[in-house]
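Data from structure.cif: mmCIF, N, CA, C and O atoms
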data_my_file
#
loop_
_atom_site.label_atom_id
_atom_site.label_comp_id
_atom_site.auth_asym_id
_atom_site.auth_seq_id
_atom_site.Cartn_x
_atom_site.Cartn_y
_atom_site.Cartn_z
N MET D 11 0.85 -1.17 0.00
CA MET D 11 0.00 0.00 0.00
C MET D 11 0.90 1.24 0.00
O MET D 11 1.81 1.35 0.80
N ARG D 12 0.61 2.16 -0.89
CA ARG D 12 1.37 3.41 -0.97
C ARG D 12 0.87 4.41 0.06
O ARG D 12 -0.34 4.50 0.29
N PRO D 13 1.78 5.16 0.66
CA PRO D 13 1.33 6.21 1.58
C PRO D 13 0.47 7.24 0.86
O PRO D 13 0.66 7.50 -0.33
N SER D 14 -0.44 7.82 1.58
CA SER D 14 -1.32 8.84 1.02
C SER D 14 -0.55 10.11 0.71
O SER D 14 0.41 10.45 1.39
N THR D 15 -0.99 10.82 -0.32
CA THR D 15 -0.43 12.13 -0.62
C THR D 15 -1.35 13.24 -0.11
O THR D 15 -1.13 14.40 -0.42
N ASP D 16 -2.34 12.89 0.67
CA ASP D 16 -3.28 13.85 1.24
C ASP D 16 -2.52 14.76 2.21
O ASP D 16 -1.94 14.29 3.19
N PRO D 17 -2.52 16.08 1.96
CA PRO D 17 -1.74 16.98 2.82
C PRO D 17 -2.25 17.05 4.26
O PRO D 17 -1.47 17.24 5.18
N VAL D 18 -3.56 16.91 4.45
CA VAL D 18 -4.10 16.95 5.81
C VAL D 18 -3.67 15.70 6.58
O VAL D 18 -3.25 15.78 7.74
N LEU D 19 -3.74 14.55 5.93
CA LEU D 19 -3.29 13.32 6.59
C LEU D 19 -1.79 13.38 6.85
O LEU D 19 -1.34 12.96 7.93
N ALA D 20 -1.02 13.92 5.94
CA ALA D 20 0.42 14.06 6.15
C ALA D 20 0.68 14.95 7.37
O ALA D 20 1.55 14.64 8.20
N TRP D 21 -0.07 16.04 7.49
CA TRP D 21 0.07 16.89 8.67
C TRP D 21 -0.27 16.11 9.93
O TRP D 21 0.48 16.14 10.91
N PHE D 22 -1.41 15.42 9.92
CA PHE D 22 -1.85 14.68 11.11
C PHE D 22 -0.80 13.64 11.52
O PHE D 22 -0.53 13.46 12.70
N ASN D 23 -0.24 12.96 10.55
CA ASN D 23 0.76 11.93 10.85
C ASN D 23 2.04 12.49 11.45
O ASN D 23 2.72 11.80 12.20
N THR D 24 2.38 13.74 11.12
CA THR D 24 3.66 14.30 11.57
C THR D 24 3.51 15.37 12.64
O THR D 24 4.53 15.82 13.19
N ALA D 25 2.30 15.78 12.92
CA ALA D 25 2.07 16.81 13.94
C ALA D 25 2.50 16.30 15.31
O ALA D 25 2.45 15.10 15.59
N ASP D 26 2.90 17.24 16.16
CA ASP D 26 3.21 16.82 17.53
C ASP D 26 1.91 16.36 18.20
O ASP D 26 0.81 16.69 17.74
N ASP D 27 2.05 15.57 19.25
CA ASP D 27 0.89 14.98 19.90
C ASP D 27 -0.14 16.01 20.35
O ASP D 27 -1.35 15.78 20.20
N ALA D 28 0.31 17.14 20.88
CA ALA D 28 -0.62 18.15 21.38
C ALA D 28 -1.46 18.73 20.24
O ALA D 28 -2.69 18.89 20.39
N ALA D 29 -0.84 19.02 19.12
CA ALA D 29 -1.58 19.59 17.98
C ALA D 29 -2.54 18.56 17.39
O ALA D 29 -3.69 18.89 17.07
N ALA D 30 -2.09 17.33 17.25
CA ALA D 30 -2.96 16.28 16.70
C ALA D 30 -4.11 16.00 17.66
O ALA D 30 -5.26 15.81 17.23
N HIS D 31 -3.83 16.01 18.95
CA HIS D 31 -4.88 15.78 19.95
C HIS D 31 -5.91 16.89 19.88
O HIS D 31 -7.12 16.63 19.92
N ALA D 32 -5.47 18.13 19.75
CA ALA D 32 -6.40 19.26 19.64
C ALA D 32 -7.28 19.12 18.41
O ALA D 32 -8.48 19.40 18.46
N ALA D 33 -6.71 18.67 17.31
CA ALA D 33 -7.50 18.47 16.09
C ALA D 33 -8.53 17.37 16.30
O ALA D 33 -9.69 17.50 15.86
N LEU D 34 -8.16 16.32 16.97
CA LEU D 34 -9.10 15.22 17.22
C LEU D 34 -10.21 15.65 18.16
O LEU D 34 -11.35 15.21 18.02
N ARG D 35 -9.89 16.51 19.12
CA ARG D 35 -10.92 16.98 20.05
C ARG D 35 -11.99 17.80 19.34
O ARG D 35 -13.11 17.93 19.85
N GLU D 36 -11.69 18.32 18.17
CA GLU D 36 -12.70 19.00 17.36
C GLU D 36 -13.71 18.01 16.80
O GLU D 36 -14.83 18.38 16.45
N VAL D 37 -13.30 16.75 16.73
CA VAL D 37 -14.15 15.68 16.17
C VAL D 37 -14.90 14.95 17.28
O VAL D 37 -16.07 14.61 17.12
N CYS D 38 -14.21 14.69 18.39
CA CYS D 38 -14.81 13.90 19.48
C CYS D 38 -14.25 14.39 20.80
O CYS D 38 -13.03 14.56 20.94
N ALA D 39 -15.10 14.59 21.78
CA ALA D 39 -14.67 15.10 23.08
C ALA D 39 -14.06 14.04 23.98
O ALA D 39 -13.48 14.36 25.02
N SER D 40 -14.12 12.79 23.60
CA SER D 40 -13.61 11.71 24.44
C SER D 40 -12.08 11.66 24.40
O SER D 40 -11.48 11.42 23.36
N ALA D 41 -11.46 11.84 25.56
CA ALA D 41 -10.00 11.74 25.66
C ALA D 41 -9.53 10.33 25.32
O ALA D 41 -8.47 10.15 24.71
N GLU D 42 -10.32 9.33 25.68
CA GLU D 42 -9.97 7.94 25.39
C GLU D 42 -9.97 7.68 23.89
O GLU D 42 -9.09 7.01 23.36
N TRP D 43 -10.95 8.23 23.20
CA TRP D 43 -11.03 8.08 21.75
C TRP D 43 -9.83 8.75 21.09
O TRP D 43 -9.19 8.16 20.22
N CYS D 44 -9.53 9.96 21.51
CA CYS D 44 -8.39 10.68 20.94
C CYS D 44 -7.10 9.90 21.15
O CYS D 44 -6.29 9.76 20.22
N ALA D 45 -6.90 9.38 22.35
CA ALA D 45 -5.68 8.63 22.64
C ALA D 45 -5.58 7.37 21.78
O ALA D 45 -4.50 7.04 21.28
N ALA D 46 -6.70 6.70 21.58
CA ALA D 46 -6.69 5.48 20.76
C ALA D 46 -6.36 5.79 19.30
O ALA D 46 -5.59 5.06 18.66
N VAL D 47 -6.89 6.86 18.78
CA VAL D 47 -6.61 7.24 17.38
C VAL D 47 -5.16 7.71 17.25
O VAL D 47 -4.47 7.33 16.29
N LEU D 48 -4.68 8.49 18.20
CA LEU D 48 -3.30 8.96 18.16
C LEU D 48 -2.30 7.80 18.23
O LEU D 48 -1.26 7.83 17.57
N ALA D 49 -2.63 6.80 19.01
CA ALA D 49 -1.70 5.68 19.25
C ALA D 49 -1.38 4.90 17.99
O ALA D 49 -0.34 4.24 17.94
N ARG D 50 -2.24 4.98 17.00
CA ARG D 50 -2.03 4.17 15.78
C ARG D 50 -1.38 4.94 14.64
O ARG D 50 -1.26 4.42 13.54
N ARG D 51 -0.96 6.18 14.90
CA ARG D 51 -0.27 6.94 13.85
C ARG D 51 1.07 6.30 13.55
O ARG D 51 1.67 5.73 14.44
N PRO D 52 1.56 6.43 12.35
CA PRO D 52 1.03 7.14 11.19
C PRO D 52 0.05 6.27 10.41
O PRO D 52 0.12 5.04 10.45
N TYR D 53 -0.84 6.93 9.73
CA TYR D 53 -1.84 6.26 8.90
C TYR D 53 -1.43 6.33 7.44
O TYR D 53 -1.10 7.41 6.95
N PRO D 54 -1.47 5.21 6.74
CA PRO D 54 -1.04 5.21 5.33
C PRO D 54 -2.04 5.87 4.39
O PRO D 54 -1.67 6.32 3.31
N ASP D 55 -3.31 5.91 4.82
CA ASP D 55 -4.35 6.48 3.96
C ASP D 55 -5.55 6.87 4.82
O ASP D 55 -5.67 6.42 5.97
N PRO D 56 -6.43 7.69 4.29
CA PRO D 56 -7.60 8.13 5.07
C PRO D 56 -8.50 6.98 5.50
O PRO D 56 -9.08 7.02 6.59
N GLU D 57 -8.62 5.96 4.68
CA GLU D 57 -9.49 4.83 5.02
C GLU D 57 -9.02 4.14 6.29
O GLU D 57 -9.83 3.74 7.14
N THR D 58 -7.72 3.99 6.44
CA THR D 58 -7.17 3.35 7.63
C THR D 58 -7.42 4.21 8.86
O THR D 58 -7.73 3.69 9.94
N LEU D 59 -7.30 5.52 8.70
CA LEU D 59 -7.61 6.43 9.80
C LEU D 59 -9.08 6.31 10.19
O LEU D 59 -9.41 6.22 11.38
N LEU D 60 -9.97 6.27 9.22
CA LEU D 60 -11.39 6.13 9.52
C LEU D 60 -11.70 4.80 10.19
O LEU D 60 -12.52 4.73 11.12
N ASP D 61 -11.04 3.73 9.76
CA ASP D 61 -11.21 2.43 10.40
C ASP D 61 -10.76 2.49 11.86
O ASP D 61 -11.41 1.93 12.75
N ALA D 62 -9.64 3.16 12.12
CA ALA D 62 -9.14 3.30 13.48
C ALA D 62 -10.10 4.12 14.34
O ALA D 62 -10.34 3.80 15.51
N ALA D 63 -10.67 5.16 13.76
CA ALA D 63 -11.64 5.98 14.48
C ALA D 63 -12.88 5.17 14.82
O ALA D 63 -13.40 5.27 15.93
N ASP D 64 -13.34 4.36 13.87
CA ASP D 64 -14.49 3.49 14.13
C ASP D 64 -14.19 2.49 15.24
O ASP D 64 -15.02 2.25 16.12
N ALA D 65 -13.00 1.89 15.20
CA ALA D 65 -12.61 0.92 16.22
C ALA D 65 -12.52 1.59 17.59
O ALA D 65 -12.94 1.01 18.60
N ALA D 66 -11.99 2.80 17.61
CA ALA D 66 -11.89 3.53 18.87
C ALA D 66 -13.28 3.84 19.42
O ALA D 66 -13.52 3.74 20.63
N THR D 67 -14.19 4.21 18.55
CA THR D 67 -15.56 4.48 18.97
C THR D 67 -16.21 3.23 19.54
O THR D 67 -16.86 3.26 20.59
N ALA D 68 -16.01 2.11 18.87
CA ALA D 68 -16.60 0.85 19.32
C ALA D 68 -16.04 0.43 20.68
O ALA D 68 -16.73 -0.27 21.44
N GLY D 69 -14.83 0.88 21.00
CA GLY D 69 -14.22 0.52 22.26
C GLY D 69 -14.61 1.40 23.43
O GLY D 69 -14.21 1.13 24.56
N LEU D 70 -15.39 2.42 23.19
CA LEU D 70 -15.81 3.31 24.25
C LEU D 70 -16.96 2.71 25.05
O LEU D 70 -17.87 2.09 24.48
N GLY D 71 -16.92 2.93 26.34
CA GLY D 71 -18.02 2.51 27.19
C GLY D 71 -19.03 3.64 27.37
O GLY D 71 -18.85 4.75 26.87
N ALA D 72 -20.06 3.35 28.11
CA ALA D 72 -21.13 4.31 28.31
C ALA D 72 -20.61 5.60 28.97
O ALA D 72 -21.04 6.70 28.61
N ALA D 73 -19.67 5.49 29.88
CA ALA D 73 -19.15 6.67 30.57
C ALA D 73 -18.42 7.61 29.61
O ALA D 73 -18.51 8.83 29.74
N GLU D 74 -17.70 7.03 28.65
CA GLU D 74 -16.97 7.85 27.69
C GLU D 74 -17.90 8.47 26.65
O GLU D 74 -17.54 9.46 26.02
N LEU D 75 -19.04 7.89 26.44
CA LEU D 75 -19.98 8.39 25.44
C LEU D 75 -20.94 9.43 26.00
O LEU D 75 -21.64 10.10 25.26
N ALA D 76 -20.97 9.57 27.30
CA ALA D 76 -21.91 10.51 27.96
C ALA D 76 -21.41 11.92 27.86
O ALA D 76 -20.30 12.23 27.71
#

Please lay out the structure from this file as structure tokens.
Amino acid sequence: MRPSTDPVLAWFNTADDAAAHAALREVCASAEWCAAVLARRPYPDPETLLDAADAATAGLGAAELA
């Protein structure tokens, strides 16, 4: 699989943890979700990132979703 040439994904993959975490918090307020998505960087393509986000969401409990 070839790495993505998507500039936003390239930024996300290389951003420092604080900046990437802040970007993820714009998507989801769950700190656990953000940590799970960050932990799997770098992402080769947007689809893999979306799959990781879905997996992170599925791993959240009721407390994290409230």

*Can you turn the PyMOL selection byres ((chain D and resi 40-52) around 6) into a concrete residue list for this file, as number ranges by chain?*
D: 23, 34, 38-39, 53-54, 62-63, 66-67, 74

Generate the output file for the selected residues, N, CA, C and O atoms, as a PDB file, in the coordinates of the input.
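To be explicit, this is the file written out as part18.pdb:
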ATOM      1  N   ASN D  23      -0.240  12.960  10.550  1.00  0.00           N
ATOM      2  CA  ASN D  23       0.760  11.930  10.850  1.00  0.00           C
ATOM      3  C   ASN D  23       2.040  12.490  11.450  1.00  0.00           C
ATOM      4  O   ASN D  23       2.720  11.800  12.200  1.00  0.00           O
ATOM      5  N   LEU D  34      -8.160  16.320  16.970  1.00  0.00           N
ATOM      6  CA  LEU D  34      -9.100  15.220  17.220  1.00  0.00           C
ATOM      7  C   LEU D  34     -10.210  15.650  18.160  1.00  0.00           C
ATOM      8  O   LEU D  34     -11.350  15.210  18.020  1.00  0.00           O
ATOM      9  N   CYS D  38     -14.210  14.690  18.390  1.00  0.00           N
ATOM     10  CA  CYS D  38     -14.810  13.900  19.480  1.00  0.00           C
ATOM     11  C   CYS D  38     -14.250  14.390  20.800  1.00  0.00           C
ATOM     12  O   CYS D  38     -13.030  14.560  20.940  1.00  0.00           O
ATOM     13  N   ALA D  39     -15.100  14.590  21.780  1.00  0.00           N
ATOM     14  CA  ALA D  39     -14.670  15.100  23.080  1.00  0.00           C
ATOM     15  C   ALA D  39     -14.060  14.040  23.980  1.00  0.00           C
ATOM     16  O   ALA D  39     -13.480  14.360  25.020  1.00  0.00           O
ATOM     17  N   TYR D  53      -0.840   6.930   9.730  1.00  0.00           N
ATOM     18  CA  TYR D  53      -1.840   6.260   8.900  1.00  0.00           C
ATOM     19  C   TYR D  53      -1.430   6.330   7.440  1.00  0.00           C
ATOM     20  O   TYR D  53      -1.100   7.410   6.950  1.00  0.00           O
ATOM     21  N   PRO D  54      -1.470   5.210   6.740  1.00  0.00           N
ATOM     22  CA  PRO D  54      -1.040   5.210   5.330  1.00  0.00           C
ATOM     23  C   PRO D  54      -2.040   5.870   4.390  1.00  0.00           C
ATOM     24  O   PRO D  54      -1.670   6.320   3.310  1.00  0.00           O
ATOM     25  N   ALA D  62      -9.640   3.160  12.120  1.00  0.00           N
ATOM     26  CA  ALA D  62      -9.140   3.300  13.480  1.00  0.00           C
ATOM     27  C   ALA D  62     -10.100   4.120  14.340  1.00  0.00           C
ATOM     28  O   ALA D  62     -10.340   3.800  15.510  1.00  0.00           O
ATOM     29  N   ALA D  63     -10.670   5.160  13.760  1.00  0.00           N
ATOM     30  CA  ALA D  63     -11.640   5.980  14.480  1.00  0.00           C
ATOM     31  C   ALA D  63     -12.880   5.170  14.820  1.00  0.00           C
ATOM     32  O   ALA D  63     -13.400   5.270  15.930  1.00  0.00           O
ATOM     33  N   ALA D  66     -11.990   2.800  17.610  1.00  0.00           N
ATOM     34  CA  ALA D  66     -11.890   3.530  18.870  1.00  0.00           C
ATOM     35  C   ALA D  66     -13.280   3.840  19.420  1.00  0.00           C
ATOM     36  O   ALA D  66     -13.520   3.740  20.630  1.00  0.00           O
ATOM     37  N   THR D  67     -14.190   4.210  18.550  1.00  0.00           N
ATOM     38  CA  THR D  67     -15.560   4.480  18.970  1.00  0.00           C
ATOM     39  C   THR D  67     -16.210   3.230  19.540  1.00  0.00           C
ATOM     40  O   THR D  67     -16.860   3.260  20.590  1.00  0.00           O
ATOM     41  N   GLU D  74     -17.700   7.030  28.650  1.00  0.00           N
ATOM     42  CA  GLU D  74     -16.970   7.850  27.690  1.00  0.00           C
ATOM     43  C   GLU D  74     -17.900   8.470  26.650  1.00  0.00           C
ATOM     44  O   GLU D  74     -17.540   9.460  26.020  1.00  0.00           O
TER      45      GLU D  74
END

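Distance-wise, atom O of Asp61 in chain D and atom N of Ala20 in chain D end up 17.3 Å apart.
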
*Take atom N of Leu59 in chain D and atom O of Leu19 in chain D and report the distance between them in Å, one decimal.*
9.6 Å

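Between CA of Thr24 in chain D and CA of Leu70 in chain D the separation is 25.7 Å.
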
*Can you list, as a ChimeraX atom specification, every residue of chain D that DSSP puts in helix (DSSP H, G or I)?*
/D:17-24,27-35,41-49,56-68,72-75
